[in-house]
$ cat run_39.pdb   # PDB, C-alpha atoms
ATOM      1  CA  MET Q   1      -3.447  -7.220  16.146
ATOM      2  CA  PHE Q   2      -6.628  -5.884  17.653
ATOM      3  CA  TRP Q   3      -9.940  -5.782  15.821
ATOM      4  CA  ASP Q   4     -13.320  -4.299  16.639
ATOM      5  CA  GLY Q   5     -15.451  -6.664  14.540
ATOM      6  CA  GLN Q   6     -16.587  -4.017  12.057
ATOM      7  CA  PRO Q   7     -16.564  -5.279   8.440
ATOM      8  CA  ASP Q   8     -15.534  -1.834   7.143
ATOM      9  CA  ALA Q   9     -12.410  -1.807   9.369
ATOM     10  CA  VAL Q  10     -13.509   1.486  10.964
ATOM     11  CA  PRO Q  11     -13.814   1.233  14.744
ATOM     12  CA  GLN Q  12     -17.076   2.079  16.522
ATOM     13  CA  THR Q  13     -15.117   3.884  19.239
ATOM     14  CA  ALA Q  14     -11.525   5.038  19.519
ATOM     15  CA  ARG Q  15      -9.235   2.305  20.834
ATOM     16  CA  PRO Q  16      -5.571   3.135  21.322
ATOM     17  CA  ARG Q  17      -4.226  -0.222  20.054
ATOM     18  CA  CYS Q  18      -6.879  -0.968  17.424
ATOM     19  CA  THR Q  19      -5.477  -2.093  14.083
ATOM     20  CA  HIS Q  20      -7.451  -1.535  10.887
ATOM     21  CA  CYS Q  21      -6.924  -3.134   7.500
ATOM     22  CA  ALA Q  22      -7.607  -2.210   3.920
ATOM     23  CA  ASP Q  23      -8.135  -5.782   2.729
ATOM     24  CA  ILE Q  24      -8.016  -5.773  -1.049
ATOM     25  CA  ARG Q  25      -8.805  -9.466  -1.590
ATOM     26  CA  ASN Q  26     -12.561  -9.036  -2.120
ATOM     27  CA  HIS Q  27     -12.470  -5.821  -4.155
ATOM     28  CA  GLY Q  28     -12.026  -5.407  -7.904
ATOM     29  CA  ALA Q  29     -11.507  -2.404 -10.186
ATOM     30  CA  ALA Q  30     -10.299  -1.669 -13.717
ATOM     31  CA  PRO Q  31      -7.099   0.360 -14.208
ATOM     32  CA  SER Q  32      -7.325   4.037 -13.256
ATOM     33  CA  ALA Q  33      -5.101   6.751 -11.767
ATOM     34  CA  ALA Q  34      -6.221   5.852  -8.213
ATOM     35  CA  GLN Q  35      -8.053   3.155  -6.264
ATOM     36  CA  VAL Q  36      -9.504   3.574  -2.762
ATOM     37  CA  VAL Q  37     -10.045   0.668  -0.346
ATOM     38  CA  ASN Q  38     -11.417   1.433   3.150
ATOM     39  CA  GLY Q  39     -10.130   5.000   2.854
ATOM     40  CA  VAL Q  40      -6.552   4.085   1.863
ATOM     41  CA  CYS Q  41      -5.769   5.625  -1.535
ATOM     42  CA  PHE Q  42      -3.463   3.826  -3.979
ATOM     43  CA  GLN Q  43      -2.160   6.237  -6.640
ATOM     44  CA  SER Q  44      -0.347   5.323  -9.826
ATOM     45  CA  ALA Q  45       3.005   6.587 -11.032
ATOM     46  CA  LYS Q  46       2.996   9.655 -13.243
ATOM     47  CA  LEU Q  47       5.069   8.940 -16.351
ATOM     48  CA  PRO Q  48       7.448  11.381 -18.114
ATOM     49  CA  SER Q  49       4.698  12.071 -20.679
ATOM     50  CA  GLY Q  50       2.428  13.252 -17.868
ATOM     51  CA  ALA Q  51       0.136  10.227 -18.231
ATOM     52  CA  ASP Q  52      -0.821   8.082 -15.243
ATOM     53  CA  ALA Q  53       0.562   4.524 -15.306
ATOM     54  CA  GLY Q  54      -2.652   3.240 -13.711
ATOM     55  CA  VAL Q  55      -3.383   0.885 -10.832
ATOM     56  CA  SER Q  56      -5.999  -1.862 -10.830
ATOM     57  CA  ILE Q  57      -7.414  -4.346  -8.354
ATOM     58  CA  GLU Q  58      -7.295  -7.855  -9.784
ATOM     59  CA  ASP Q  59      -5.894 -11.349  -9.302
ATOM     60  CA  TYR Q  60      -2.324 -10.414 -10.164
ATOM     61  CA  SER Q  61      -0.360 -13.289  -8.660
ATOM     62  CA  SER Q  62       1.239 -16.038 -10.666
ATOM     63  CA  PRO Q  63      -0.279 -18.546 -10.764
ATOM     64  CA  ARG Q  64      -3.718 -16.987 -10.378
ATOM     65  CA  TYR Q  65      -5.421 -18.158  -7.203
ATOM     66  CA  GLY Q  66      -8.636 -16.142  -7.018
ATOM     67  CA  VAL Q  67      -7.492 -13.458  -4.564
ATOM     68  CA  ASN Q  68      -7.232  -9.832  -5.677
ATOM     69  CA  GLU Q  69      -4.323  -7.446  -5.115
ATOM     70  CA  VAL Q  70      -3.636  -3.824  -5.980
ATOM     71  CA  LYS Q  71      -1.584  -4.182  -9.151
ATOM     72  CA  ILE Q  72       1.155  -1.598  -9.567
ATOM     73  CA  GLY Q  73       2.674  -2.657 -12.854
ATOM     74  CA  TRP Q  74       5.097  -0.238 -14.469
ATOM     75  CA  SER Q  75       8.632  -0.220 -15.816
ATOM     76  CA  GLN Q  76      11.362  -0.142 -13.204
ATOM     77  CA  ALA Q  77      13.153   2.631 -15.115
ATOM     78  CA  ASP Q  78      13.169   5.736 -12.901
ATOM     79  CA  GLN Q  79      14.401   8.216 -15.488
ATOM     80  CA  GLY Q  80      11.984  11.056 -15.941
ATOM     81  CA  ARG Q  81       9.159   9.702 -13.824
ATOM     82  CA  ARG Q  82       7.260  12.649 -12.397
ATOM     83  CA  ARG Q  83       5.749  10.841  -9.402
ATOM     84  CA  MET Q  84       6.294   7.461  -7.763
ATOM     85  CA  PRO Q  85       3.239   5.289  -7.135
ATOM     86  CA  ARG Q  86       2.074   5.602  -3.550
ATOM     87  CA  SER Q  87      -0.403   4.679  -0.883
ATOM     88  CA  SER Q  88      -1.786   7.602   1.078
ATOM     89  CA  PHE Q  89      -3.860   8.178   4.181
ATOM     90  CA  PRO Q  90      -6.096  11.244   3.559
ATOM     91  CA  ARG Q  91      -6.215  13.685   6.500
ATOM     92  CA  SER Q  92      -9.996  13.836   6.314
ATOM     93  CA  LEU Q  93     -10.155  10.173   7.394
ATOM     94  CA  PHE Q  94      -6.818   9.548   9.114
ATOM     95  CA  GLY Q  95      -5.977  12.860  10.792
ATOM     96  CA  ARG Q  96      -2.202  13.134  11.166
ATOM     97  CA  GLY Q  97      -1.815   9.550   9.871
ATOM     98  CA  PRO Q  98      -1.040   6.121  11.317
ATOM     99  CA  ALA Q  99       1.849   5.462  13.703
ATOM    100  CA  GLU Q 100       2.517   2.013  12.223
ATOM    101  CA  VAL Q 101       1.708   0.446   8.854
ATOM    102  CA  GLU Q 102       2.119  -3.134   7.673
ATOM    103  CA  VAL Q 103       1.896  -3.868   3.946
ATOM    104  CA  MET Q 104       1.545  -7.430   2.662
ATOM    105  CA  ALA Q 105       3.077  -7.390  -0.815
ATOM    106  CA  PHE Q 106       4.913  -9.365  -3.466
ATOM    107  CA  HIS Q 107       6.897  -8.379  -6.554
ATOM    108  CA  TYR Q 108       8.233  -9.667  -9.855
ATOM    109  CA  ASN Q 109      11.535  -7.789  -9.739
ATOM    110  CA  SER Q 110      11.948  -5.543  -6.681
ATOM    111  CA  CYS Q 111      10.001  -3.663  -4.006
ATOM    112  CA  THR Q 112      10.949  -0.967  -1.506
ATOM    113  CA  LEU Q 113       8.516   1.091   0.572
ATOM    114  CA  LYS Q 114       9.276   4.543   2.038
ATOM    115  CA  ALA Q 115       6.971   6.195   4.598
ATOM    116  CA  TYR Q 116       6.733   9.997   4.874
ATOM    117  CA  ASN Q 117       4.953  12.486   7.124
ATOM    118  CA  SER Q 118       2.982  15.509   5.885
ATOM    119  CA  GLU Q 119       6.141  17.694   5.870
ATOM    120  CA  GLY Q 120       7.853  15.244   3.494
ATOM    121  CA  ALA Q 121      10.300  13.845   6.065
ATOM    122  CA  LEU Q 122      11.278  10.196   5.547
ATOM    123  CA  LEU Q 123      10.092   8.244   8.606
ATOM    124  CA  SER Q 124      10.829   4.630   7.677
ATOM    125  CA  GLU Q 125      12.044   2.475   4.802
ATOM    126  CA  VAL Q 126      11.773  -1.260   4.204
ATOM    127  CA  GLN Q 127      12.771  -3.592   1.375
ATOM    128  CA  HIS Q 128      11.015  -6.788   0.298
ATOM    129  CA  THR Q 129      13.666  -9.464   0.888
ATOM    130  CA  ALA Q 130      11.723 -12.610  -0.040
ATOM    131  CA  ASP Q 131      11.962 -14.115  -3.502
ATOM    132  CA  GLN Q 132       9.855 -13.036  -6.460
ATOM    133  CA  ARG Q 133       6.154 -13.844  -6.197
ATOM    134  CA  VAL Q 134       6.484 -14.524  -2.450
ATOM    135  CA  GLN Q 135       4.209 -12.502  -0.169
ATOM    136  CA  GLN Q 136       6.000 -10.718   2.635
ATOM    137  CA  THR Q 137       4.679  -8.394   5.347
ATOM    138  CA  LEU Q 138       6.652  -5.152   5.367
ATOM    139  CA  SER Q 139       6.491  -2.999   8.520
ATOM    140  CA  LEU Q 140       6.885   0.784   8.615
ATOM    141  CA  ALA Q 141       6.854   2.946  11.745
ATOM    142  CA  GLY Q 142       6.917   6.631  12.552
ATOM    143  CA  GLU Q 143       4.346   8.997  13.960
ATOM    144  CA  ALA Q 144       1.978  10.534  11.429
ATOM    145  CA  ILE Q 145       2.599   8.445   8.284
ATOM    146  CA  ILE Q 146       0.682  10.236   5.551
ATOM    147  CA  LYS Q 147       2.061   8.492   2.435
ATOM    148  CA  ILE Q 148       4.104   5.482   1.416
ATOM    149  CA  GLU Q 149       6.030   5.545  -1.849
ATOM    150  CA  VAL Q 150       6.142   2.218  -3.705
ATOM    151  CA  ILE Q 151       9.472   1.780  -5.477
ATOM    152  CA  GLY Q 152      10.242  -1.195  -7.689
ATOM    153  CA  ALA Q 153       8.766  -3.146 -10.542
ATOM    154  CA  GLU Q 154       5.494  -5.007 -10.920
ATOM    155  CA  ILE Q 155       4.180  -5.049  -7.377
ATOM    156  CA  GLY Q 156       1.051  -6.616  -5.918
ATOM    157  CA  ILE Q 157      -0.318  -5.286  -2.602
ATOM    158  CA  VAL Q 158      -2.644  -7.714  -0.824
ATOM    159  CA  GLU Q 159      -3.370  -5.836   2.393
ATOM    160  CA  VAL Q 160      -2.479  -2.617   4.241
ATOM    161  CA  CYS Q 161      -2.914  -2.689   8.038
ATOM    162  CA  TYR Q 162      -2.323   0.314  10.247
ATOM    163  CA  ARG Q 163      -2.431   1.457  13.859
ATOM    164  CA  MET Q 164      -3.365   5.022  14.698
TER
END
$ encode --input "run_39.pdb" --output "structure tokens"
Amino acid sequence: MFWDGQPDAVPQTARPRCTHCADIRNHGAAPSAAQVVNGVCFQSAKLPSGADAGVSIEDYSSPRYGVNEVKIGWSQADQGRRRMPRSSFPRSLFGRGPAEVEVMAFHYNSCTLKAYNSEGALLSEVQHTADQRVQQTLSLAGEAIIKIEVIGAEIGIVEVCYRM
């Protein structure tokens, strides 16, 4: 990975192979419909009732070890859900979207990530294959990734790195 030394993960100048990260570890936030870390937006699932399931930024691992993650904790039942939880890359900050994204995550039951472009075409899909509560880096590729759906149950996202 290539870094530019900026603490906000935004490069001073455009670099074709520069990788940026939304490092969640030092952030914290109470449950809400969305959380934003270094421009990456984490949105909660919309439940059949129309209510947001909520996402928070907290020490979600078991056992607790003092490092925060984006907590996406909702029932694995898919029936009637209006919207899957997702990570998105707003056009105002990311243009067409990253070409590659790596997500460091863990789960308590299951975790699959699906990357889409702005037209809704599926670009890449990856499944967490490590055991429960084991962090794994999941890689997605495809030009212009604008959103990543998070499918599974009780997921913690530690970091999202991307290359434009």
$ closest_residue --input "run_39.pdb" --among "Q:Ile145, Q:Ala121, Q:Cys161, Q:Ala29" --to "Asp59 in chain Q" --atoms "all atoms listed in the file"
Q:Ala29
$ atom_distance --input "run_39.pdb" --atom1 "CA of Leu113 in chain Q" --atom2 "CA of Tyr65 in chain Q"
25.0 Å
$ resolve_selection --input "run_39.pdb" --expression "the PyMOL selection byres ((chain Q and resi 60) around 10)" --output "number ranges by chain"
Q: 56-59, 61-73, 106, 133, 154-158
$ closest_residue --input "run_39.pdb" --among "Q:Cys41, Q:Met84, Q:Ala99, Q:Ala34" --to "Gly54 in chain Q" --atoms "only C-alpha atoms"
Q:Ala34
$ atom_distance --input "run_39.pdb" --atom1 "CA of Glu143 in chain Q" --atom2 "CA of Cys111 in chain Q"
22.7 Å
$ residues_near_point --input "run_39.pdb" --point "(19.4, -0.4, 0.3)" --cutoff "9 Å" --atoms "all atoms listed in the file" --output "PyMOL selection string"
chain Q and resi 112+126-127
$ residues_around --input "run_39.pdb" --residues "Glu102 in chain Q" --least-positions-apart "5" --cutoff "7 Å" --atoms "all atoms listed in the file" --output "ChimeraX atom specification"
/Q:137-140,160-162
$ atom_distance --input "run_39.pdb" --atom1 "CA of Val101 in chain Q" --atom2 "CA of Val36 in chain Q"
16.4 Å
$ residues_around --input "run_39.pdb" --residues "Val40 in chain Q" --least-positions-apart "6" --cutoff "9 Å" --atoms "all atoms listed in the file" --output "list in words"
Ala22, Ser87, Ser88, Phe89, Pro90, Leu93 and Val160 of chain Q
$ closest_residue --input "run_39.pdb" --among "Q:Tyr116, Q:His107, Q:Cys21, Q:Val150" --to "Thr129 in chain Q" --atoms "all atoms listed in the file"
Q:His107
$ axis_aligned_box --input "run_39.pdb" --around "range 46-55 of chain Q" --padding-each-side "4 Å" --output "JSON"
{"center_x": 2.0, "center_y": 7.1, "center_z": -15.8, "size_x": 18.8, "size_y": 20.4, "size_z": 17.8}
$ closest_residue --input "run_39.pdb" --among "Q:Glu149, Q:Asn38, Q:Arg163, Q:Ala141" --to "Pro98 in chain Q" --atoms "only C-alpha atoms"
Q:Arg163
$ residues_around --input "run_39.pdb" --residues "Gln43 in chain Q" --least-positions-apart "6" --cutoff "7 Å" --atoms "all atoms listed in the file" --output "list in words"
Ala33, Ala34, Gln35, Val55, Pro85, Arg86 and Ser87 of chain Q
$ resolve_selection --input "run_39.pdb" --expression "the PyMOL selection byres ((chain Q and resi 117) around 7)" --output "PyMOL selection string"
chain Q and resi 116+118-123+144-147
$ write_last_selection --input "run_39.pdb" --atoms "C-alpha atoms" --output "CSV table (one decimal), in the coordinates of the input"
chain,number,residue,atom,x,y,z
Q,116,TYR,CA,6.7,10.0,4.9
Q,118,SER,CA,3.0,15.5,5.9
Q,119,GLU,CA,6.1,17.7,5.9
Q,120,GLY,CA,7.9,15.2,3.5
Q,121,ALA,CA,10.3,13.8,6.1
Q,122,LEU,CA,11.3,10.2,5.5
Q,123,LEU,CA,10.1,8.2,8.6
Q,144,ALA,CA,2.0,10.5,11.4
Q,145,ILE,CA,2.6,8.4,8.3
Q,146,ILE,CA,0.7,10.2,5.6
Q,147,LYS,CA,2.1,8.5,2.4
$ closest_residue --input "run_39.pdb" --among "Q:His128, Q:Arg96, Q:Lys114, Q:Lys46" --to "Ile148 in chain Q" --atoms "all atoms listed in the file"
Q:Lys114
